[in-house]
Amino acid sequence: MLPSCTGVAGDRQLPRLEKEAGDVSGGLIPQDYLCPGTKQAALDPRLVKEIAGFLEKNQMFGGLPAGVASDLPIILNVPVQKYLHSFANSRNFHASLARSGRYMPMMRKIFSEHGLPQDLIYIALVESGFSPYARSPKEAVGIWQFIEGTAKRYGLKVNERVDERQDPEKSTRAAARYLHDLYQQFGCWYLAAAGYNAGENRVEGVMNRHDIQDFWVMAQKQLLPAETCNYVPQIVAAALIAKEPEKYGMEQVRYQTPRSGVKVKVPGGLTLEWFAESLEMLEKELVELNPELKVGATPPGQQEYLLTVPAKKVHQAKRLAQLCLQNQKRVELK
């Protein structure tokens with residue numbers, strides 16, 4: 001006798017997962033933003049040299065913006081130094097670097113497919129600490145901190161049962177398309193990063209109202225939110241530490257291994273609890289592989305759903321799912 005395979009348990013609570021650093025705060029960004037622009041602080045010549053080297057060698061911010069080259073070390077030096085100190089001494093940052101191991105290979109592959117600078121990935125480090133469960137006070141969700149409107153514009157489903165902003169791969173593909181579009185709009189990675197943080201319409205509005213095309217002038221004049229003014233320095237600081245954690249006094253990072261999941265077609269209305277039990281695995285593990293599912297079951301309104309299962313369980317999962325789908329069709333024919 002075949003199991004019913006459905007038995008959807010309403011909107012039940014999912015298994016309690018360990019709270020990850022940055023889940024509620026929305027990432028690693030300190031609250032005490034200081035918009036750069038003053039030249040009173042003493043420069044750290046070693047840091048100036050390191051920042052200049054980063055900007056020169058890195059695709060992300062290659063070259064200095066016209067007209068402010070002489071100011072750039074000052075614009076960057078004080079905020080970057082502040083965030084280097086803040087991040088290097090943060091347990092959240094250390095946990096986030098460890099967690100990045102789950103997703104970096106997948107992200108690098110997707111960004112490469114879209115022709116994006118690889119170090120744009122560190123936006124996720126600043127935004128969410130690489131947590132799919134991160135949620136900001138402004139209701140931005142997931143690793144890439146999409147608000148609902150932008151998420152839907154880039155093809156992510158957000159409803160009462162599914163939130164694909166929490167799907168690491170789908171949200172990364174959406175973020176790659178969004179960053180590509182921002183660069184096409186502004187022609188500059190500085191402004192693209194600002195647009196990602198503040199919204200492209202806000203940046204476009206500043207450009208039109210003040211006839212300014214330079215992110216650094218906007219930052220110096222405080223024409224953008226303080227958070228956005230410091231966004232590039234935060235990314236630079238995060239990238240510098242992420243590349244060489246020990247250099248900045250951070251203890252050895254034990255990077256988590258990439259998640260090896262495989263998509264399997266299963267019926268809609270399938271409870272994760274029952275499926276995990278049938279596969280002789282922990283429900284928590286299945287939930288972690290499918291963070292986009294909000295109520296512990298695949299959407300009942302869909303005939304099929306692509307569920308991620310551990311690679312070692314893929315053959316067993318396919319056989320079980322096929323039995324469920326066949327049983328579902330028999331029920332529909334009655």
# chains A, B, ... in the order shown; residues from 1 in each chain; ligands from 1
call {"tool": "closest_atom_pairs", "arguments": {"of": "region 223-268 of chain A", "to": "region 297-320 of chain A", "cutoff": "8 Å", "atoms": "only C-alpha atoms", "output": "Markdown table"}}
result
| residue | atom | partner | partner_atom | distance |
| --- | --- | --- | --- | --- |
| A:Ser260 | CA | A:Ala311 | CA | 5.9 |
| A:Gly261 | CA | A:Pro310 | CA | 4.7 |
| A:Val262 | CA | A:Thr308 | CA | 5.2 |
| A:Lys263 | CA | A:Thr308 | CA | 4.4 |
| A:Val264 | CA | A:Leu307 | CA | 5.3 |
| A:Lys265 | CA | A:Leu306 | CA | 4.7 |
| A:Val266 | CA | A:Tyr305 | CA | 5.3 |
| A:Pro267 | CA | A:Glu304 | CA | 4.5 |
| A:Gly268 | CA | A:Pro300 | CA | 4.5 |
call {"tool": "write_last_selection", "arguments": {"atoms": "N, CA, C and O atoms", "output": "PDB file, in the first residue's frame"}}
result
ATOM      1  N   SER A 260      26.105  20.088  -0.660  1.00  0.00           N
ATOM      2  CA  SER A 260      25.986  19.267  -1.868  1.00  0.00           C
ATOM      3  C   SER A 260      24.548  18.757  -1.976  1.00  0.00           C
ATOM      4  O   SER A 260      24.229  17.667  -1.519  1.00  0.00           O
ATOM      5  N   GLY A 261      23.698  19.571  -2.549  1.00  0.00           N
ATOM      6  CA  GLY A 261      22.305  19.182  -2.700  1.00  0.00           C
ATOM      7  C   GLY A 261      21.942  18.946  -4.149  1.00  0.00           C
ATOM      8  O   GLY A 261      22.562  19.494  -5.064  1.00  0.00           O
ATOM      9  N   VAL A 262      20.939  18.122  -4.370  1.00  0.00           N
ATOM     10  CA  VAL A 262      20.456  17.802  -5.716  1.00  0.00           C
ATOM     11  C   VAL A 262      18.950  18.048  -5.747  1.00  0.00           C
ATOM     12  O   VAL A 262      18.228  17.686  -4.811  1.00  0.00           O
ATOM     13  N   LYS A 263      18.461  18.653  -6.838  1.00  0.00           N
ATOM     14  CA  LYS A 263      17.043  18.936  -6.990  1.00  0.00           C
ATOM     15  C   LYS A 263      16.305  17.671  -7.437  1.00  0.00           C
ATOM     16  O   LYS A 263      16.727  16.993  -8.380  1.00  0.00           O
ATOM     17  N   VAL A 264      15.208  17.384  -6.762  1.00  0.00           N
ATOM     18  CA  VAL A 264      14.379  16.221  -7.081  1.00  0.00           C
ATOM     19  C   VAL A 264      12.933  16.691  -7.214  1.00  0.00           C
ATOM     20  O   VAL A 264      12.433  17.469  -6.392  1.00  0.00           O
ATOM     21  N   LYS A 265      12.222  16.216  -8.251  1.00  0.00           N
ATOM     22  CA  LYS A 265      10.817  16.560  -8.436  1.00  0.00           C
ATOM     23  C   LYS A 265       9.965  15.790  -7.439  1.00  0.00           C
ATOM     24  O   LYS A 265       9.981  14.557  -7.408  1.00  0.00           O
ATOM     25  N   VAL A 266       9.231  16.526  -6.626  1.00  0.00           N
ATOM     26  CA  VAL A 266       8.326  15.920  -5.657  1.00  0.00           C
ATOM     27  C   VAL A 266       6.948  16.557  -5.829  1.00  0.00           C
ATOM     28  O   VAL A 266       6.826  17.626  -6.431  1.00  0.00           O
ATOM     29  N   PRO A 267       5.907  15.933  -5.296  1.00  0.00           N
ATOM     30  CA  PRO A 267       4.571  16.532  -5.442  1.00  0.00           C
ATOM     31  C   PRO A 267       4.379  17.744  -4.547  1.00  0.00           C
ATOM     32  O   PRO A 267       5.052  17.892  -3.513  1.00  0.00           O
ATOM     33  N   GLY A 268       3.457  18.605  -4.923  1.00  0.00           N
ATOM     34  CA  GLY A 268       3.070  19.696  -4.062  1.00  0.00           C
ATOM     35  C   GLY A 268       2.356  19.165  -2.840  1.00  0.00           C
ATOM     36  O   GLY A 268       1.730  18.097  -2.873  1.00  0.00           O
TER      37      GLY A 268
END
call {"tool": "select_by_dssp", "arguments": {"residues": "region 41-217 of chain A", "states": "alpha helix (DSSP H)", "output": "number ranges by chain"}}
result
A: 45-57, 72-88, 91-100, 104-113, 122-128, 148-153, 168-186, 189-198, 200-210, 215-217
call {"tool": "closest_residue", "arguments": {"among": "A:Tyr133, A:Tyr103, A:Phe93, A:Phe87", "to": "Pro291 (chain A)", "atoms": "only C-alpha atoms"}}
result
A:Tyr133
call {"tool": "residues_around", "arguments": {"residues": "Asn89 (chain A)", "least_positions_apart": "2", "cutoff": "12 Å", "atoms": "only C-alpha atoms", "output": "list in words"}}
result
Leu28, Lys82, Tyr83, Leu84, His85, Ser86, Phe87, Arg91, Asn92, Phe93, His94, Ala95, Ile241, Pro245, Glu246, Tyr248, Gly249, Met250 and Glu251 of chain A
call {"tool": "write_last_selection", "arguments": {"atoms": "N, CA and C atoms", "output": "JSON list (two decimals), in the first residue's frame"}}
result
[["chain", "number", "residue", "atom", "x", "y", "z"],
["A", 28, "LEU", "N", 26.50, 42.82, 9.01],
["A", 28, "LEU", "CA", 27.64, 43.18, 9.83],
["A", 28, "LEU", "C", 27.84, 44.67, 9.97],
["A", 82, "LYS", "N", 38.29, 52.09, 10.26],
["A", 82, "LYS", "CA", 37.26, 51.87, 11.27],
["A", 82, "LYS", "C", 36.64, 50.49, 11.11],
["A", 83, "TYR", "N", 36.29, 50.12, 9.87],
["A", 83, "TYR", "CA", 35.62, 48.84, 9.65],
["A", 83, "TYR", "C", 36.59, 47.67, 9.74],
["A", 84, "LEU", "N", 37.85, 47.88, 9.37],
["A", 84, "LEU", "CA", 38.84, 46.82, 9.57],
["A", 84, "LEU", "C", 38.91, 46.45, 11.04],
["A", 85, "HIS", "N", 38.96, 47.46, 11.89],
["A", 85, "HIS", "CA", 39.03, 47.21, 13.33],
["A", 85, "HIS", "C", 37.74, 46.56, 13.83],
["A", 86, "SER", "N", 36.60, 47.10, 13.37],
["A", 86, "SER", "CA", 35.31, 46.59, 13.82],
["A", 86, "SER", "C", 35.09, 45.15, 13.38],
["A", 87, "PHE", "N", 35.35, 44.85, 12.11],
["A", 87, "PHE", "CA", 35.12, 43.51, 11.59],
["A", 87, "PHE", "C", 36.10, 42.50, 12.17],
["A", 91, "ARG", "N", 32.85, 38.77, 16.49],
["A", 91, "ARG", "CA", 32.52, 37.34, 16.42],
["A", 91, "ARG", "C", 31.56, 37.07, 15.27],
["A", 92, "ASN", "N", 30.67, 38.02, 15.01],
["A", 92, "ASN", "CA", 29.75, 37.88, 13.89],
["A", 92, "ASN", "C", 30.50, 37.75, 12.57],
["A", 93, "PHE", "N", 31.54, 38.58, 12.41],
["A", 93, "PHE", "CA", 32.30, 38.55, 11.16],
["A", 93, "PHE", "C", 33.02, 37.20, 11.03],
["A", 94, "HIS", "N", 33.59, 36.71, 12.12],
["A", 94, "HIS", "CA", 34.29, 35.43, 12.10],
["A", 94, "HIS", "C", 33.31, 34.32, 11.73],
["A", 95, "ALA", "N", 32.13, 34.32, 12.34],
["A", 95, "ALA", "CA", 31.11, 33.30, 12.03],
["A", 95, "ALA", "C", 30.65, 33.42, 10.57],
["A", 241, "ILE", "N", 39.93, 41.71, 4.73],
["A", 241, "ILE", "CA", 40.03, 40.73, 5.81],
["A", 241, "ILE", "C", 39.72, 39.33, 5.30],
["A", 245, "PRO", "N", 42.56, 36.70, 6.60],
["A", 245, "PRO", "CA", 42.08, 36.92, 7.96],
["A", 245, "PRO", "C", 43.18, 37.01, 9.01],
["A", 246, "GLU", "N", 44.18, 36.12, 8.89],
["A", 246, "GLU", "CA", 45.24, 36.10, 9.89],
["A", 246, "GLU", "C", 46.04, 37.39, 9.90],
["A", 248, "TYR", "N", 45.02, 40.28, 9.75],
["A", 248, "TYR", "CA", 44.35, 41.30, 10.55],
["A", 248, "TYR", "C", 44.03, 40.80, 11.95],
["A", 249, "GLY", "N", 44.79, 39.80, 12.39],
["A", 249, "GLY", "CA", 44.69, 39.34, 13.77],
["A", 249, "GLY", "C", 43.51, 38.43, 14.05],
["A", 250, "MET", "N", 42.86, 37.94, 13.03],
["A", 250, "MET", "CA", 41.71, 37.06, 13.24],
["A", 250, "MET", "C", 42.20, 35.62, 13.35],
["A", 251, "GLU", "N", 41.68, 34.91, 14.34],
["A", 251, "GLU", "CA", 42.09, 33.53, 14.50],
["A", 251, "GLU", "C", 41.66, 32.69, 13.31]]
